[in-house]
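Chemist: Hey, dropping upload-v4.pdb in here, PDB, C-alpha atoms:
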```
ATOM      1  CA  MET A   1      79.079  92.615 176.182
ATOM      2  CA  ASN A   2      78.575  90.318 173.259
ATOM      3  CA  SER A   3      78.661  92.013 169.864
ATOM      4  CA  LYS A   4      76.473  90.414 167.238
ATOM      5  CA  ALA A   5      75.919  91.336 163.628
ATOM      6  CA  LYS A   6      72.444  92.597 162.965
ATOM      7  CA  CYS A   7      70.422  90.751 160.417
ATOM      8  CA  ILE A   8      67.458  92.068 158.465
ATOM      9  CA  ILE A   9      64.301  90.027 158.846
ATOM     10  CA  LYS A  10      62.635  89.580 155.459
ATOM     11  CA  PHE A  11      58.858  89.611 155.573
ATOM     12  CA  ASP A  12      56.633  88.086 152.913
ATOM     13  CA  ASP A  13      56.010  91.392 151.118
ATOM     14  CA  ASP A  14      59.764  92.065 151.095
ATOM     15  CA  LYS A  15      60.357  88.654 149.536
ATOM     16  CA  GLU A  16      57.757  89.431 146.882
ATOM     17  CA  ASP A  17      59.462  92.738 146.099
ATOM     18  CA  GLN A  18      62.783  90.915 145.816
ATOM     19  CA  LYS A  19      61.288  88.420 143.352
ATOM     20  CA  GLN A  20      59.909  91.280 141.250
ATOM     21  CA  LYS A  21      63.286  93.003 141.241
ATOM     22  CA  GLU A  22      65.038  89.781 140.212
ATOM     23  CA  SER A  23      62.458  89.227 137.479
ATOM     24  CA  ALA A  24      62.920  92.795 136.188
ATOM     25  CA  LEU A  25      66.709  92.374 136.207
ATOM     26  CA  GLU A  26      66.398  89.117 134.271
ATOM     27  CA  GLN A  27      64.129  90.746 131.691
ATOM     28  CA  SER A  28      66.538  93.678 131.377
ATOM     29  CA  LYS A  29      69.420  91.237 130.907
ATOM     30  CA  GLN A  30      67.527  89.354 128.191
ATOM     31  CA  ILE A  31      66.671  92.602 126.367
ATOM     32  CA  LYS A  32      70.328  93.664 126.507
ATOM     33  CA  GLN A  33      71.443  90.272 125.163
ATOM     34  CA  LYS A  34      68.921  90.515 122.309
ATOM     35  CA  LYS A  35      70.179  94.002 121.423
ATOM     36  CA  GLU A  36      73.806  92.806 121.455
ATOM     37  CA  LYS A  37      72.881  89.803 119.313
ATOM     38  CA  LYS A  38      71.052  92.045 116.834
ATOM     39  CA  LYS A  39      74.024  94.427 116.727
ATOM     40  CA  LYS A  40      76.417  91.540 116.010
ATOM     41  CA  GLU A  41      74.111  90.268 113.249
ATOM     42  CA  GLU A  42      74.022  93.757 111.710
ATOM     43  CA  ILE A  43      77.833  93.959 111.824
ATOM     44  CA  ILE A  44      78.139  90.531 110.169
ATOM     45  CA  LYS A  45      75.664  91.659 107.498
ATOM     46  CA  GLN A  46      77.623  94.876 106.941
ATOM     47  CA  GLN A  47      80.824  92.854 106.533
ATOM     48  CA  SER A  48      79.219  90.545 103.971
ATOM     49  CA  ASP A  49      77.625  93.471 102.077
ATOM     50  CA  HIS A  50      80.682  95.746 102.222
ATOM     51  CA  THR A  51      82.270  96.328  98.849
ATOM     52  CA  ILE A  52      86.048  96.683  99.011
ATOM     53  CA  ILE A  53      87.003  99.438  96.574
ATOM     54  CA  THR A  54      90.489  99.807  95.106
ATOM     55  CA  ILE A  55      91.090 102.785  92.822
ATOM     56  CA  ALA A  56      94.050 102.821  90.398
ATOM     57  CA  LEU A  57      95.145 106.100  88.799
ATOM     58  CA  PRO A  58      98.085 107.120  86.578
ATOM     59  CA  ASP A  59     100.476 109.654  88.109
ATOM     60  CA  SER A  60      99.935 111.908  85.070
ATOM     61  CA  ILE A  61      96.664 113.088  86.627
ATOM     62  CA  VAL A  62      98.626 116.105  87.913
ATOM     63  CA  SER A  63      99.925 117.080  84.459
ATOM     64  CA  ASN A  64      97.081 119.489  83.697
ATOM     65  CA  ALA A  65      97.577 121.633  86.797
ATOM     66  CA  GLN A  66      98.815 125.106  85.826
ATOM     67  CA  SER A  67     100.649 125.717  89.109
ATOM     68  CA  SER A  68     101.946 123.802  92.113
ATOM     69  CA  GLU A  69      99.164 125.336  94.229
ATOM     70  CA  LEU A  70      96.426 124.107  91.893
ATOM     71  CA  ARG A  71      98.119 120.708  91.732
ATOM     72  CA  SER A  72      97.987 120.391  95.515
ATOM     73  CA  TYR A  73      94.368 121.534  95.626
ATOM     74  CA  PHE A  74      93.442 118.955  92.978
ATOM     75  CA  ILE A  75      94.981 116.155  95.052
ATOM     76  CA  SER A  76      93.003 117.276  98.096
ATOM     77  CA  GLN A  77      89.799 117.094  96.034
ATOM     78  CA  LEU A  78      90.582 113.481  95.149
ATOM     79  CA  ALA A  79      91.423 112.583  98.753
ATOM     80  CA  ARG A  80      88.171 114.114  99.969
ATOM     81  CA  THR A  81      86.218 112.118  97.353
ATOM     82  CA  PHE A  82      87.962 108.875  98.356
ATOM     83  CA  ALA A  83      87.010 109.469 101.997
ATOM     84  CA  MET A  84      83.430 110.471 101.184
ATOM     85  CA  PHE A  85      82.770 107.224  99.326
ATOM     86  CA  GLN A  86      84.874 105.049 101.659
ATOM     87  CA  VAL A  87      87.540 103.930  99.210
ATOM     88  CA  ASP A  88      89.734 101.259 100.810
ATOM     89  CA  ASN A  89      92.871 101.356  98.651
ATOM     90  CA  VAL A  90      94.438 103.796  96.198
ATOM     91  CA  ILE A  91      97.122 102.649  93.738
ATOM     92  CA  ILE A  92      99.263 105.121  91.791
ATOM     93  CA  LEU A  93     100.339 103.820  88.374
ATOM     94  CA  LYS A  94     103.520 104.975  86.686
ATOM     95  CA  ASP A  95     102.683 106.736  83.389
ATOM     96  CA  TYR A  96     105.827 106.540  81.242
ATOM     97  CA  SER A  97     104.497 109.136  78.792
ATOM     98  CA  TYR A  98     104.449 111.873  81.419
ATOM     99  CA  ILE A  99     107.648 113.903  81.200
ATOM    100  CA  THR A 100     107.916 116.427  84.017
ATOM    101  CA  LYS A 101     109.385 119.913  83.595
ATOM    102  CA  SER A 102     111.948 119.255  86.331
ATOM    103  CA  ASN A 103     114.096 116.172  86.813
ATOM    104  CA  GLN A 104     113.754 116.676  90.561
ATOM    105  CA  PHE A 105     109.968 116.237  90.441
ATOM    106  CA  ASP A 106     108.739 112.640  90.773
ATOM    107  CA  ALA A 107     105.021 112.638  89.920
ATOM    108  CA  THR A 108     104.398 109.151  91.318
ATOM    109  CA  ALA A 109     105.958 109.971  94.681
ATOM    110  CA  TYR A 110     104.258 113.380  94.750
ATOM    111  CA  VAL A 111     100.730 111.986  94.332
ATOM    112  CA  ALA A 112     101.329 109.133  96.787
ATOM    113  CA  ARG A 113     102.947 111.355  99.447
ATOM    114  CA  ASN A 114     100.190 113.974  99.373
ATOM    115  CA  LEU A 115      97.376 111.413  99.444
ATOM    116  CA  GLN A 116      99.041 109.697 102.411
ATOM    117  CA  TYR A 117      99.513 113.025 104.173
ATOM    118  CA  LEU A 118      95.835 113.931 103.820
ATOM    119  CA  GLU A 119      94.691 110.489 105.014
ATOM    120  CA  THR A 120      96.852 110.751 108.162
ATOM    121  CA  PRO A 121      95.241 112.346 111.260
ATOM    122  CA  GLN A 122      96.657 115.822 111.897
ATOM    123  CA  TYR A 123      98.231 114.990 115.268
ATOM    124  CA  LEU A 124     100.394 112.291 113.639
ATOM    125  CA  ARG A 125     101.708 114.213 110.637
ATOM    126  CA  LYS A 126     104.665 115.861 112.356
ATOM    127  CA  HIS A 127     105.835 112.399 113.496
ATOM    128  CA  LEU A 128     105.418 110.672 110.124
ATOM    129  CA  PHE A 129     106.155 113.318 107.485
ATOM    130  CA  PRO A 130     109.473 115.197 107.509
ATOM    131  CA  ILE A 131     109.700 118.523 105.666
ATOM    132  CA  HIS A 132     109.612 117.862 101.917
ATOM    133  CA  ALA A 133     109.178 119.956  98.766
ATOM    134  CA  ASP A 134     106.181 117.836  97.731
ATOM    135  CA  LEU A 135     104.309 119.031 100.833
ATOM    136  CA  LYS A 136     105.003 122.754 100.548
ATOM    137  CA  ASN A 137     101.359 123.578  99.712
ATOM    138  CA  VAL A 138      99.604 121.391 102.278
ATOM    139  CA  GLY A 139      98.164 124.511 103.908
ATOM    140  CA  LEU A 140      96.051 125.062 100.776
ATOM    141  CA  MET A 141      94.585 121.566 100.835
ATOM    142  CA  ASN A 142      91.080 120.852 102.039
ATOM    143  CA  PRO A 143      91.050 118.453 105.035
ATOM    144  CA  ILE A 144      89.237 115.204 104.333
ATOM    145  CA  GLU A 145      87.754 115.072 107.866
ATOM    146  CA  SER A 146      87.498 111.306 107.826
ATOM    147  CA  LYS A 147      85.959 109.501 110.801
ATOM    148  CA  HIS A 148      89.359 108.329 112.038
ATOM    149  CA  HIS A 149      90.551 111.951 112.272
ATOM    150  CA  LEU A 150      89.544 112.253 115.914
ATOM    151  CA  LYS A 151      90.025 115.429 117.932
ATOM    152  CA  ALA A 152      91.402 115.593 121.484
ATOM    153  CA  ASP A 153      87.921 115.955 123.014
ATOM    154  CA  GLU A 154      86.453 113.034 121.072
ATOM    155  CA  ARG A 155      86.372 109.654 122.795
ATOM    156  CA  PHE A 156      86.311 106.492 120.720
ATOM    157  CA  GLU A 157      87.424 102.943 121.350
ATOM    158  CA  TYR A 158      89.901 103.037 118.454
ATOM    159  CA  ARG A 159      92.479 105.690 117.560
ATOM    160  CA  GLU A 160      95.349 105.996 115.111
ATOM    161  CA  GLY A 161      98.747 106.396 116.725
ATOM    162  CA  VAL A 162     102.484 106.385 116.196
ATOM    163  CA  VAL A 163     105.087 104.677 118.379
ATOM    164  CA  VAL A 164     107.348 107.339 119.920
ATOM    165  CA  ASP A 165     110.966 107.117 121.014
ATOM    166  CA  ARG A 166     110.342 107.431 124.763
ATOM    167  CA  PRO A 167     112.058 105.524 127.583
ATOM    168  CA  SER A 168     109.909 102.667 128.833
ATOM    169  CA  LYS A 169     110.165  99.508 130.835
ATOM    170  CA  GLU A 170     111.279  96.294 129.164
ATOM    171  CA  GLU A 171     108.814  94.750 126.724
ATOM    172  CA  SER A 172     106.698  97.900 126.450
ATOM    173  CA  CYS A 173     106.433 101.082 124.368
ATOM    174  CA  TRP A 174     104.572 104.399 124.227
ATOM    175  CA  VAL A 175     102.159 105.474 121.485
ATOM    176  CA  GLU A 176     101.035 109.019 120.670
ATOM    177  CA  ILE A 177      97.300 109.053 119.864
ATOM    178  CA  GLY A 178      96.449 112.760 119.993
ATOM    179  CA  LEU A 179      95.204 112.822 123.598
ATOM    180  CA  LYS A 180      96.627 114.467 126.721
ATOM    181  CA  ASN A 181      98.353 111.205 127.713
ATOM    182  CA  GLN A 182     100.111 108.640 125.567
ATOM    183  CA  VAL A 183      99.183 104.952 125.524
ATOM    184  CA  ARG A 184     101.454 102.291 126.963
ATOM    185  CA  LEU A 185     101.523  98.964 125.115
ATOM    186  CA  PRO A 186     102.737  95.817 126.911
ATOM    187  CA  TYR A 187     105.193  94.983 124.111
ATOM    188  CA  GLN A 188     107.783  96.706 121.963
ATOM    189  CA  ILE A 189     107.238  98.153 118.490
ATOM    190  CA  VAL A 190     109.796 100.042 116.408
ATOM    191  CA  PRO A 191     109.519 103.836 117.001
ATOM    192  CA  GLY A 192     107.972 105.716 114.087
ATOM    193  CA  THR A 193     105.541 102.886 113.267
ATOM    194  CA  ARG A 194     101.945 103.922 112.665
ATOM    195  CA  VAL A 195      99.469 101.675 114.484
ATOM    196  CA  THR A 196      95.758 101.383 115.157
ATOM    197  CA  ILE A 197      95.088 101.231 118.900
ATOM    198  CA  LYS A 198      92.137  99.638 120.683
ATOM    199  CA  LEU A 199      91.845 101.356 124.060
ATOM    200  CA  ASP A 200      90.916  99.361 127.161
ATOM    201  CA  ASP A 201      89.088 102.307 128.744
ATOM    202  CA  VAL A 202      88.668 105.599 126.876
ATOM    203  CA  HIS A 203      87.769 107.485 130.077
ATOM    204  CA  ASN A 204      90.758 106.375 132.130
ATOM    205  CA  ASN A 205      93.589 108.936 132.311
ATOM    206  CA  LYS A 206      96.115 106.108 132.547
ATOM    207  CA  LEU A 207      95.649 104.838 129.004
ATOM    208  CA  THR A 208      96.349 101.236 128.057
ATOM    209  CA  GLY A 209      95.444  99.223 125.014
ATOM    210  CA  VAL A 210      96.590  96.918 122.244
ATOM    211  CA  ALA A 211      97.573  97.358 118.603
ATOM    212  CA  VAL A 212      95.065  95.906 116.132
ATOM    213  CA  SER A 213      94.642  95.744 112.386
ATOM    214  CA  SER A 214      93.247  98.902 110.783
ATOM    215  CA  ASP A 215      90.594  96.615 109.268
ATOM    216  CA  VAL A 216      89.005  96.031 112.696
ATOM    217  CA  PRO A 217      87.195  99.411 112.933
ATOM    218  CA  LYS A 218      86.043  98.967 109.315
ATOM    219  CA  GLN A 219      84.591  95.561 110.161
ATOM    220  CA  LEU A 220      82.622  97.248 112.935
ATOM    221  CA  GLY A 221      81.118  99.689 110.457
ATOM    222  CA  THR A 222      83.432 102.718 110.872
ATOM    223  CA  TYR A 223      85.369 103.947 107.842
ATOM    224  CA  TRP A 224      89.056 104.066 108.747
ATOM    225  CA  GLY A 225      90.783 105.680 105.780
ATOM    226  CA  TYR A 226      92.529 104.356 102.683
ATOM    227  CA  THR A 227      95.949 102.877 101.979
ATOM    228  CA  VAL A 228      98.237 104.227  99.248
ATOM    229  CA  THR A 229     100.633 102.094  97.199
ATOM    230  CA  ILE A 230     102.665 102.526  94.006
ATOM    231  CA  GLN A 231     102.615 100.129  91.054
ATOM    232  CA  SER A 232     104.968 100.541  88.104
ATOM    233  CA  LYS A 233     103.259  98.001  85.823
ATOM    234  CA  LEU A 234      99.554  97.727  84.982
ATOM    235  CA  ASP A 235      99.816  94.073  83.917
ATOM    236  CA  LYS A 236     101.239  93.136  87.330
ATOM    237  CA  LEU A 237      98.368  94.903  89.061
ATOM    238  CA  LEU A 238      95.804  92.976  87.032
ATOM    239  CA  LYS A 239      97.347  89.679  88.139
ATOM    240  CA  ASN A 240      96.212  90.342  91.713
ATOM    241  CA  ASP A 241      93.184  88.532  93.062
ATOM    242  CA  TYR A 242      90.149  90.799  92.637
ATOM    243  CA  ASP A 243      86.563  89.599  92.376
ATOM    244  CA  ILE A 244      85.823  92.077  89.629
ATOM    245  CA  LYS A 245      87.944  94.443  87.517
ATOM    246  CA  ILE A 246      86.589  97.611  85.906
ATOM    247  CA  LEU A 247      88.230 100.011  83.455
ATOM    248  CA  ILE A 248      86.980 103.570  83.022
ATOM    249  CA  GLU A 249      88.105 104.923  79.653
ATOM    250  CA  SER A 250      88.484 108.658  79.087
ATOM    251  CA  ASP A 251      87.960 108.386  75.303
ATOM    252  CA  PHE A 252      84.606 107.440  73.824
ATOM    253  CA  ASN A 253      84.595 104.047  72.110
ATOM    254  CA  GLU A 254      81.479 102.482  70.624
ATOM    255  CA  ASN A 255      82.821  99.016  71.525
ATOM    256  CA  PHE A 256      82.724  99.852  75.247
ATOM    257  CA  GLU A 257      79.753 100.180  77.557
ATOM    258  CA  THR A 258      78.631 103.653  78.552
ATOM    259  CA  ILE A 259      78.691 104.571  82.215
ATOM    260  CA  ASP A 260      74.884 104.744  82.443
ATOM    261  CA  LYS A 261      74.840 100.946  82.039
ATOM    262  CA  PHE A 262      76.679 100.588  85.352
ATOM    263  CA  ASN A 263      74.752  98.387  87.817
ATOM    264  CA  TYR A 264      75.946  98.741  91.426
ATOM    265  CA  GLU A 265      74.177  95.524  92.537
ATOM    266  CA  GLU A 266      76.695  93.481  90.542
ATOM    267  CA  TYR A 267      79.520  94.712  92.801
ATOM    268  CA  GLU A 268      77.933  94.503  96.250
ATOM    269  CA  GLY A 269      80.032  92.592  98.762
ATOM    270  CA  LYS A 270      82.903  92.091  96.310
ATOM    271  CA  ASN A 271      86.547  93.109  96.132
ATOM    272  CA  ALA A 272      86.508  95.520  93.186
ATOM    273  CA  LEU A 273      89.402  97.083  91.274
ATOM    274  CA  ILE A 274      88.571 100.245  89.317
ATOM    275  CA  VAL A 275      91.245 101.529  86.913
ATOM    276  CA  PHE A 276      90.926 105.028  85.451
ATOM    277  CA  SER A 277      92.856 105.617  82.242
ATOM    278  CA  GLY A 278      93.390 109.273  83.154
ATOM    279  CA  PHE A 279      93.551 111.984  80.497
ATOM    280  CA  ASP A 280      94.522 109.589  77.694
ATOM    281  CA  SER A 281      93.104 106.276  76.554
ATOM    282  CA  ILE A 282      94.351 103.043  78.097
ATOM    283  CA  GLU A 283      95.782 102.101  74.682
ATOM    284  CA  LYS A 284      98.097 105.133  74.746
ATOM    285  CA  PHE A 285      98.962 104.434  78.362
ATOM    286  CA  ILE A 286     100.066 100.897  77.501
ATOM    287  CA  SER A 287     101.975 101.856  74.332
ATOM    288  CA  ASN A 288     104.088 104.349  76.278
ATOM    289  CA  ASP A 289     105.486 101.569  78.456
ATOM    290  CA  GLU A 290     108.090 100.293  76.016
ATOM    291  CA  LYS A 291     109.615  97.837  78.488
ATOM    292  CA  SER A 292     106.394  95.849  78.968
ATOM    293  CA  LYS A 293     105.572  93.279  76.315
ATOM    294  CA  ILE A 294     101.815  93.699  76.586
ATOM    295  CA  ASN A 295      99.251  94.688  74.008
ATOM    296  CA  PHE A 296      95.928  96.471  74.118
ATOM    297  CA  LYS A 297      93.713  93.419  73.566
ATOM    298  CA  ASP A 298      95.414  91.349  76.252
ATOM    299  CA  ILE A 299      94.869  94.109  78.808
ATOM    300  CA  ILE A 300      91.260  94.783  77.821
ATOM    301  CA  ASN A 301      90.412  91.069  78.077
ATOM    302  CA  GLN A 302      91.503  91.035  81.715
ATOM    303  CA  PHE A 303      88.736  93.465  82.687
ATOM    304  CA  ASP A 304      85.219  92.264  83.461
ATOM    305  CA  HIS A 305      83.756  95.582  82.290
ATOM    306  CA  VAL A 306      85.088  98.510  80.303
ATOM    307  CA  TYR A 307      83.072 101.717  80.544
ATOM    308  CA  CYS A 308      83.538 104.986  78.737
ATOM    309  CA  VAL A 309      82.207 108.195  80.203
ATOM    310  CA  SER A 310      79.715 109.530  77.688
ATOM    311  CA  ASN A 311      79.029 113.240  78.037
ATOM    312  CA  VAL A 312      75.816 113.188  76.001
ATOM    313  CA  LYS A 313      73.679 113.805  79.107
ATOM    314  CA  PHE A 314      75.808 116.652  80.406
ATOM    315  CA  GLY A 315      76.020 120.295  79.404
ATOM    316  CA  VAL A 316      79.811 120.252  79.065
ATOM    317  CA  LYS A 317      82.095 118.926  76.345
ATOM    318  CA  ASN A 318      84.142 116.707  78.621
ATOM    319  CA  LEU A 319      84.009 115.506  82.209
ATOM    320  CA  ARG A 320      87.112 116.131  84.284
ATOM    321  CA  LEU A 321      88.821 113.187  85.901
ATOM    322  CA  GLU A 322      87.701 114.160  89.419
ATOM    323  CA  GLU A 323      84.133 114.395  88.117
ATOM    324  CA  GLN A 324      84.374 110.941  86.547
ATOM    325  CA  ILE A 325      85.642 109.482  89.824
ATOM    326  CA  PHE A 326      82.908 111.186  91.849
ATOM    327  CA  MET A 327      80.169 109.974  89.509
ATOM    328  CA  LEU A 328      81.441 106.382  89.381
ATOM    329  CA  LEU A 329      81.845 106.095  93.166
ATOM    330  CA  GLN A 330      78.407 107.601  93.691
ATOM    331  CA  LYS A 331      76.938 104.891  91.472
ATOM    332  CA  LEU A 332      79.010 102.186  93.142
ATOM    333  CA  ARG A 333      77.850 103.181  96.641
ATOM    334  CA  ASN A 334      74.284 103.690  95.331
ATOM    335  CA  ILE A 335      74.027 107.116  96.942
TER
END
```
Would you kindly transcribe this structure into structure tokens?
Modeler:
Amino acid sequence: MNSKAKCIIKFDDDKEDQKQKESALEQSKQIKQKKEKKKKEEIIKQQSDHTIITIALPDSIVSNAQSSELRSYFISQLARTFAMFQVDNVIILKDYSYITKSNQFDATAYVARNLQYLETPQYLRKHLFPIHADLKNVGLMNPIESKHHLKADERFEYREGVVVDRPSKEESCWVEIGLKNQVRLPYQIVPGTRVTIKLDDVHNNKLTGVAVSSDVPKQLGTYWGYTVTIQSKLDKLLKNDYDIKILIESDFNENFETIDKFNYEEYEGKNALIVFSGFDSIEKFISNDEKSKINFKDIINQFDHVYCVSNVKFGVKNLRLEEQIFMLLQKLRNI
């Protein structure tokens, strides 16, 4: 008995239905392509409009805290503000006038370490931060709850991770990303390195991916935290290539602009450096650095704008530093 494959005879009405289906699929494909094109255009626009914000603060900002607990809480307030207004970089300046009560306390390292700790997703902290006296009050700190602080039940294409010391095949390594399973990368990275991972398939239990720059999620419109660095000299910082440099003075000076003259449109899409003088004027800050051969006028001339925070419109005598930062960033983001 001959076995033959059965074929379906297509009648004219079937052919017409097939044409309609193909036409509908083509229209659906075109609509999808248009949506993808529009999304890409929006991303490109966001990239061109995105203002890169770098905040520079003196380490003496913690000098007014009356206890170590209040000092830690103050730092968490700053970190939360930086995340709220999508600050990209935070630079801690060495204030040579600040003399700590204990020789074992390094204010610069303290501020930097705590800001880094708060910016790091919770599931990575035990891998990246050993026990240290500077972190003894972290339980009192408010979490910043940034968008890159993903929970185990949240699925997103990108996640922060740390390379772990786990046996693996040649030319590969394992990365902890806060999920049930770790991610295997097809190349080696030094254990203990923090990386941003782009997952191939977020729903696959066997996770694979690649390490990318932490700027990639930002370019796609998702805030991905801030970096923290230390700078010992203000004049060296000002030599860096910024589109615009702003100084916020704590003391009122009639020669400086008041903060109400701030125009956010001037900074849109630019790489902006904002230096806060802290609790003292920038002139005092500079004079305390005896090793640097810089003067007040030379520093002031390197800024595009110098603003002083006038408290005329407020019902308090002085604005606290965290209030100054909040107000300035709110103006800068036009919120």
Chemist: So what do you get for atom CA of Phe285 of chain A versus atom CA of Tyr96 of chain A, distance-wise?
Modeler: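 Interatomic distance, atom CA of Phe285 of chain A to atom CA of Tyr96 of chain A: 7.7 Å.
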Chemist: Applied to this file, what does the PyMOL selection byres ((chain A and resi 129-138) around 9) return in terms of residues, put as a PyMOL selection string?
Modeler: chain A and resi 68-69+72-73+76+105+109-111+113-114+117-118+124-128+139-142
Chemist: Which residues come within 7 Å of segment 55-58 of chain A, counting only C-alpha atoms, excluding same-chain residues fewer than 4 positions away, as a PyMOL selection string?
Modeler: chain A and resi 89-95+273-278
Chemist: Using all atoms listed in the file, which of A:Ile230, A:Arg71, A:Asp243, A:Glu160 sits nearest Gly209 of chain A?
Modeler: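 Ranking A:Ile230, A:Arg71, A:Asp243, A:Glu160 by distance to Gly209 of chain A, first place goes to A:Glu160.
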Chemist: I'd like the interatomic distance between atom CA of Val164 of chain A and atom CA of Asp201 of chain A, to a tenth of an Å.
Modeler: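 Result for atom CA of Val164 of chain A versus atom CA of Asp201 of chain A: 20.9 Å, one decimal.
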Chemist: Write out as AutoDock Vina command-line options an axis-aligned box for segment 57-60 of chain A: all of its atoms listed in the file, 5 Å added on each side, centre and edge lengths in Å with one decimal.
Modeler:
```
--center_x 97.8 --center_y 109.0 --center_z 86.9 --size_x 15.3 --size_y 15.8 --size_z 13.7
```
Chemist: What is the distance between atom CA of Phe262 of chain A and atom CA of Phe85 of chain A, in Å to one decimal?
Modeler: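 Distance between the two atoms: 16.6 Å.
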Chemist: Suppose a student applies the PyMOL selection byres ((chain A and resi 200) around 12) to this structure; what residues should they get, written as a PyMOL selection string?
Modeler: chain A and resi 156-159+183-185+197-199+201-211
Chemist: Which neighbours of segment 300-315 of chain A fall inside 8 Å, counting only C-alpha atoms, when residues of the same chain fewer than 2 positions from it are skipped, and could you give them as a list in words?
Modeler: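 Close residues of segment 300-315 of chain A: Leu238, Ile244, Lys245, Ile246, Leu247, Ile248, Glu249, Ser250, Asp251, Phe252, Asn253, Phe256, Glu257, Thr258, Ile259, Phe296, Lys297, Asp298, Lys317, Asn318, Leu319 and Gln324 of chain A.
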Chemist: For a cutoff of 10 Å around the file-coordinate point (91.7, 96.0, 103.0), which residues qualify once you count all atoms listed in the file? I'd like the result as a PyMOL selection string.
Modeler: chain A and resi 52-54+87-89+213-215+218+226-227+271
Chemist: Restricting the calculation to only C-alpha atoms: of A:Ser102, A:Ser146, A:Gln27, A:Asn263, which residue gets closest to Pro121 of chain A?
Modeler: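 Checking each of A:Ser102, A:Ser146, A:Gln27, A:Asn263 against Pro121 of chain A, counting only C-alpha atoms, the winner is A:Ser146.
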Chemist: Apply the PyMOL selection byres ((chain A and resi 79) around 8) to the structure shown and report the selected residues as a PyMOL selection string.
Modeler: chain A and resi 75-78+80-83+115+118-119+144
